[in-house]
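Trainee: File structure-v2.cif below, mmCIF, C-alpha atoms:
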```cif
data_work
loop_
_atom_site.label_atom_id
_atom_site.label_comp_id
_atom_site.auth_asym_id
_atom_site.auth_seq_id
_atom_site.Cartn_x
_atom_site.Cartn_y
_atom_site.Cartn_z
CA MET A 14 9.66 -16.75 -6.41
CA ALA A 15 11.39 -16.29 -3.06
CA LYS A 16 9.46 -17.24 0.04
CA ARG A 17 8.69 -14.45 2.49
CA PRO A 18 10.34 -14.72 5.90
CA ALA A 19 7.99 -15.42 8.80
CA PRO A 20 6.73 -12.19 10.37
CA ALA A 21 8.18 -11.14 13.69
CA PRO A 22 5.82 -11.74 16.63
CA ASP A 23 5.08 -8.01 16.99
CA SER A 24 4.84 -7.26 13.24
CA ARG A 25 1.08 -6.62 13.46
CA ARG A 26 1.60 -3.92 16.10
CA SER A 27 1.40 -1.18 13.43
CA ILE A 28 -2.14 -2.27 12.46
CA ASP A 29 -4.78 -0.18 14.20
CA PRO A 30 -7.07 -2.01 16.68
CA PRO A 31 -10.21 -1.76 14.47
CA GLN A 32 -8.23 -3.11 11.52
CA ARG A 33 -6.70 -5.83 13.69
CA SER A 34 -10.15 -7.02 14.84
CA ALA A 35 -11.34 -6.94 11.21
CA LEU A 36 -8.34 -9.08 10.25
CA LEU A 37 -9.13 -11.54 13.03
CA ARG A 38 -12.79 -11.73 11.94
CA ALA A 39 -11.73 -12.18 8.33
CA SER A 40 -9.44 -15.07 9.24
CA ALA A 41 -12.44 -16.93 10.71
CA GLU A 42 -14.68 -16.21 7.70
CA PRO A 43 -14.63 -18.34 4.56
CA ARG A 44 -12.28 -17.00 1.90
CA LEU A 45 -13.61 -15.66 -1.41
CA SER A 46 -12.21 -17.22 -4.54
CA ILE A 47 -11.33 -14.53 -7.09
CA GLU A 48 -9.42 -14.18 -10.34
CA ARG A 49 -6.44 -11.84 -10.33
CA VAL A 50 -4.75 -10.47 -13.43
CA GLN A 51 -1.28 -9.07 -13.96
CA THR A 52 -1.27 -5.37 -14.78
CA GLY A 53 1.35 -2.95 -15.97
CA VAL A 54 0.17 0.12 -14.07
CA ARG A 55 2.56 3.09 -14.08
CA MET A 56 2.78 5.09 -10.88
CA GLU A 57 4.86 7.90 -9.43
CA LYS A 58 8.04 6.38 -8.04
CA ARG A 59 7.89 7.75 -4.47
CA ILE A 60 4.22 6.79 -4.09
CA LEU A 61 5.12 3.25 -5.07
CA LEU A 62 8.01 3.15 -2.61
CA VAL A 63 5.72 4.27 0.25
CA LEU A 64 3.06 1.71 -0.74
CA LYS A 65 5.59 -1.13 -0.92
CA ALA A 66 7.04 -0.23 2.48
CA LEU A 67 3.56 0.03 3.99
CA ALA A 68 2.56 -3.33 2.54
CA GLY A 69 5.71 -4.87 4.00
CA ALA A 70 5.00 -3.33 7.40
CA HIS A 71 1.56 -4.97 7.38
CA ASP A 72 2.90 -8.27 5.98
CA LEU A 73 0.81 -7.85 2.83
CA SER A 74 1.63 -8.02 -0.84
CA LEU A 75 1.44 -4.74 -2.73
CA GLY A 76 -1.56 -6.08 -4.65
CA ASP A 77 -3.41 -7.01 -1.44
CA LEU A 78 -2.77 -3.55 -0.01
CA LEU A 79 -4.00 -1.82 -3.17
CA GLU A 80 -7.11 -4.03 -3.33
CA GLY A 81 -7.92 -3.10 0.27
CA ILE A 82 -7.42 0.62 -0.34
CA VAL A 83 -9.61 0.55 -3.45
CA LEU A 84 -12.39 -1.51 -1.85
CA HIS A 85 -12.51 0.91 1.08
CA ALA A 86 -12.52 3.92 -1.28
CA PHE A 87 -15.34 2.44 -3.38
CA GLU A 88 -17.48 2.39 -0.22
CA GLY A 89 -16.41 5.86 0.90
CA LYS A 90 -14.51 4.42 3.87
CA ALA A 91 -11.08 5.44 5.07
CA PRO A 92 -8.64 2.55 4.60
CA PHE A 93 -6.26 3.63 7.38
CA GLY A 94 -6.58 4.41 11.07
CA PRO A 95 -4.42 6.80 13.12
CA GLU A 96 -1.49 4.38 13.64
CA ALA A 97 -1.26 3.47 9.96
CA LEU A 98 -1.51 7.15 8.98
CA ALA A 99 1.39 7.93 11.32
CA LYS A 100 3.40 5.13 9.67
CA ILE A 101 2.53 6.54 6.23
CA GLU A 102 3.63 10.03 7.30
CA ALA A 103 6.97 8.61 8.47
CA LEU A 104 7.42 6.72 5.20
CA ARG A 105 6.57 9.87 3.23
CA GLY A 106 9.50 11.53 4.99
CA VAL A 107 11.84 8.63 4.31
CA TYR A 108 11.02 8.60 0.59
CA ARG A 109 10.65 12.40 0.31
CA LEU A 110 7.07 12.14 -0.93
CA ASP A 111 5.76 15.70 -0.87
CA LEU A 112 2.80 15.20 -3.22
CA THR A 113 -0.71 15.60 -1.79
CA SER A 114 -4.20 14.73 -2.98
CA GLY A 115 -4.37 18.25 -4.42
CA ASP A 116 -1.60 17.28 -6.84
CA SER A 117 -3.40 14.17 -8.14
CA HIS A 118 -4.79 15.73 -11.33
CA LEU A 119 -1.72 17.84 -12.03
CA LEU A 120 0.86 15.08 -12.47
CA VAL A 121 2.48 14.66 -15.88
CA GLU A 122 5.22 12.23 -16.68
CA ARG A 123 8.65 13.73 -17.25
CA ARG A 124 9.98 12.88 -20.70
CA ARG A 125 13.17 10.88 -20.53
CA ARG A 126 16.05 11.56 -22.85
CA ARG A 127 16.59 8.87 -25.40
CA GLY A 128 18.91 6.25 -23.95
CA ALA A 129 18.60 7.63 -20.40
CA ARG A 130 18.36 5.06 -17.65
CA ALA A 131 15.18 4.95 -15.54
CA ASP A 132 15.96 5.18 -11.80
#
```
Write out the structure in this file as structure tokens.
Mentor:
Amino acid sequence: MAKRPAPAPDSRRSIDPPQRSALLRASAEPRLSIERVQTGVRMEKRILLVLKALAGAHDLSLGDLLEGIVLHAFEGKAPFGPEALAKIEALRGVYRLDLTSGDSHLLVERRRRRGARAD
């Protein structure tokens, strides 16, 4: 597995101040030992592209980002502040993600032709 390059000095600039202070507090707190499992979750392509780009912008793995989003959602808390939401909106434009939360229960997977290559 390739090693990640060291983050640029200002790479945490896109993290909102409340999230930044939470990250600083978390770095001083003892870490929790957990067990992670590999999963084969299928997800809409453009959503995944936005999530991967957002994780990279925050110097997180995709799994760490998803864990954070889910843990916030389980407690009824918003996982993103205004700066991160602005970044997400920009990434949505880059990857042409026009789906909204209203679409979440309407999505069906397009059937691929036999032998067709997945993009």
Trainee: Using the chain letters and numbers from this file, what does the PyMOL selection byres ((chain A and resi 73-79) around 12) select? Give the answer as an MDAnalysis selection string.
Mentor: chainID A and resid 17 20 24:25 28 36 49:52 54 60:72 80:86 92:93
Trainee: Excluding same-chain residues fewer than 6 positions from Leu112 (chain A), what lies within 12 Å of it counting only C-alpha atoms, as a list in words?
Mentor: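 That gives Glu57, Lys58, Arg59, Ile60, Val63, Glu102, Arg105, Gly106, His118, Leu119 and Leu120 of chain A.
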Trainee: Please report the interatomic distance between CA of Leu110 (chain A) and CA of Arg123 (chain A) in Å with one decimal.
Mentor: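 Those two atoms sit 16.5 Å apart.
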Trainee: Report, in Å with one decimal, the straight-line distance from CA of Arg127 (chain A) to CA of Arg109 (chain A).
Mentor: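 These atoms are spaced 26.6 Å apart.
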Trainee: For CA of Thr113 (chain A) and CA of Phe87 (chain A), quote the distance in Å rounded to one decimal.
Mentor: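 These atoms are spaced 19.7 Å apart.
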Trainee: Please reconstruct the missing atoms of region 50-71 of chain A (target: N, CA and C atoms) and return them as a PDB file, in the coordinates of the input.
Mentor:
```
ATOM      1  N   VAL A  50      -5.444 -10.630 -12.154  1.00  0.00           N
ATOM      2  CA  VAL A  50      -4.750 -10.470 -13.430  1.00  0.00           C
ATOM      3  C   VAL A  50      -3.511  -9.622 -13.208  1.00  0.00           C
ATOM      4  N   GLN A  51      -2.504  -9.872 -14.003  1.00  0.00           N
ATOM      5  CA  GLN A  51      -1.280  -9.070 -13.960  1.00  0.00           C
ATOM      6  C   GLN A  51      -1.542  -7.764 -14.690  1.00  0.00           C
ATOM      7  N   THR A  52      -1.055  -6.663 -14.147  1.00  0.00           N
ATOM      8  CA  THR A  52      -1.270  -5.370 -14.780  1.00  0.00           C
ATOM      9  C   THR A  52       0.044  -4.609 -14.852  1.00  0.00           C
ATOM     10  N   GLY A  53       0.138  -3.746 -15.798  1.00  0.00           N
ATOM     11  CA  GLY A  53       1.350  -2.950 -15.970  1.00  0.00           C
ATOM     12  C   GLY A  53       1.093  -1.494 -15.631  1.00  0.00           C
ATOM     13  N   VAL A  54       0.516  -1.236 -14.478  1.00  0.00           N
ATOM     14  CA  VAL A  54       0.170   0.120 -14.070  1.00  0.00           C
ATOM     15  C   VAL A  54       1.424   0.939 -13.822  1.00  0.00           C
ATOM     16  N   ARG A  55       1.446   2.172 -14.335  1.00  0.00           N
ATOM     17  CA  ARG A  55       2.560   3.090 -14.080  1.00  0.00           C
ATOM     18  C   ARG A  55       2.141   4.012 -12.942  1.00  0.00           C
ATOM     19  N   MET A  56       3.086   4.304 -12.059  1.00  0.00           N
ATOM     20  CA  MET A  56       2.780   5.090 -10.880  1.00  0.00           C
ATOM     21  C   MET A  56       4.000   5.926 -10.501  1.00  0.00           C
ATOM     22  N   GLU A  57       3.764   7.051  -9.872  1.00  0.00           N
ATOM     23  CA  GLU A  57       4.860   7.900  -9.430  1.00  0.00           C
ATOM     24  C   GLU A  57       5.766   7.100  -8.497  1.00  0.00           C
ATOM     25  N   LYS A  58       7.052   7.216  -8.706  1.00  0.00           N
ATOM     26  CA  LYS A  58       8.040   6.380  -8.040  1.00  0.00           C
ATOM     27  C   LYS A  58       7.972   6.438  -6.513  1.00  0.00           C
ATOM     28  N   ARG A  59       7.885   7.627  -5.934  1.00  0.00           N
ATOM     29  CA  ARG A  59       7.890   7.750  -4.470  1.00  0.00           C
ATOM     30  C   ARG A  59       6.606   7.210  -3.856  1.00  0.00           C
ATOM     31  N   ILE A  60       5.475   7.373  -4.565  1.00  0.00           N
ATOM     32  CA  ILE A  60       4.220   6.790  -4.090  1.00  0.00           C
ATOM     33  C   ILE A  60       4.367   5.282  -4.002  1.00  0.00           C
ATOM     34  N   LEU A  61       4.936   4.696  -5.051  1.00  0.00           N
ATOM     35  CA  LEU A  61       5.120   3.250  -5.070  1.00  0.00           C
ATOM     36  C   LEU A  61       6.041   2.796  -3.942  1.00  0.00           C
ATOM     37  N   LEU A  62       7.101   3.524  -3.686  1.00  0.00           N
ATOM     38  CA  LEU A  62       8.010   3.150  -2.610  1.00  0.00           C
ATOM     39  C   LEU A  62       7.303   3.172  -1.250  1.00  0.00           C
ATOM     40  N   VAL A  63       6.473   4.194  -1.001  1.00  0.00           N
ATOM     41  CA  VAL A  63       5.720   4.270   0.250  1.00  0.00           C
ATOM     42  C   VAL A  63       4.735   3.105   0.341  1.00  0.00           C
ATOM     43  N   LEU A  64       4.020   2.818  -0.745  1.00  0.00           N
ATOM     44  CA  LEU A  64       3.060   1.710  -0.740  1.00  0.00           C
ATOM     45  C   LEU A  64       3.734   0.366  -0.480  1.00  0.00           C
ATOM     46  N   LYS A  65       4.870   0.135  -1.125  1.00  0.00           N
ATOM     47  CA  LYS A  65       5.590  -1.130  -0.920  1.00  0.00           C
ATOM     48  C   LYS A  65       6.055  -1.270   0.530  1.00  0.00           C
ATOM     49  N   ALA A  66       6.576  -0.193   1.088  1.00  0.00           N
ATOM     50  CA  ALA A  66       7.040  -0.230   2.480  1.00  0.00           C
ATOM     51  C   ALA A  66       5.864  -0.443   3.432  1.00  0.00           C
ATOM     52  N   LEU A  67       4.746   0.201   3.158  1.00  0.00           N
ATOM     53  CA  LEU A  67       3.560   0.030   3.990  1.00  0.00           C
ATOM     54  C   LEU A  67       3.027  -1.394   3.905  1.00  0.00           C
ATOM     55  N   ALA A  68       2.999  -1.942   2.707  1.00  0.00           N
ATOM     56  CA  ALA A  68       2.560  -3.330   2.540  1.00  0.00           C
ATOM     57  C   ALA A  68       3.463  -4.263   3.333  1.00  0.00           C
ATOM     58  N   GLY A  69       4.758  -4.048   3.248  1.00  0.00           N
ATOM     59  CA  GLY A  69       5.710  -4.870   4.000  1.00  0.00           C
ATOM     60  C   GLY A  69       5.503  -4.760   5.498  1.00  0.00           C
ATOM     61  N   ALA A  70       5.222  -3.547   5.961  1.00  0.00           N
ATOM     62  CA  ALA A  70       5.000  -3.330   7.400  1.00  0.00           C
ATOM     63  C   ALA A  70       3.763  -4.063   7.897  1.00  0.00           C
ATOM     64  N   HIS A  71       2.800  -4.268   7.014  1.00  0.00           N
ATOM     65  CA  HIS A  71       1.560  -4.970   7.380  1.00  0.00           C
ATOM     66  C   HIS A  71       1.589  -6.441   6.942  1.00  0.00           C
TER      67      HIS A  71
END
```
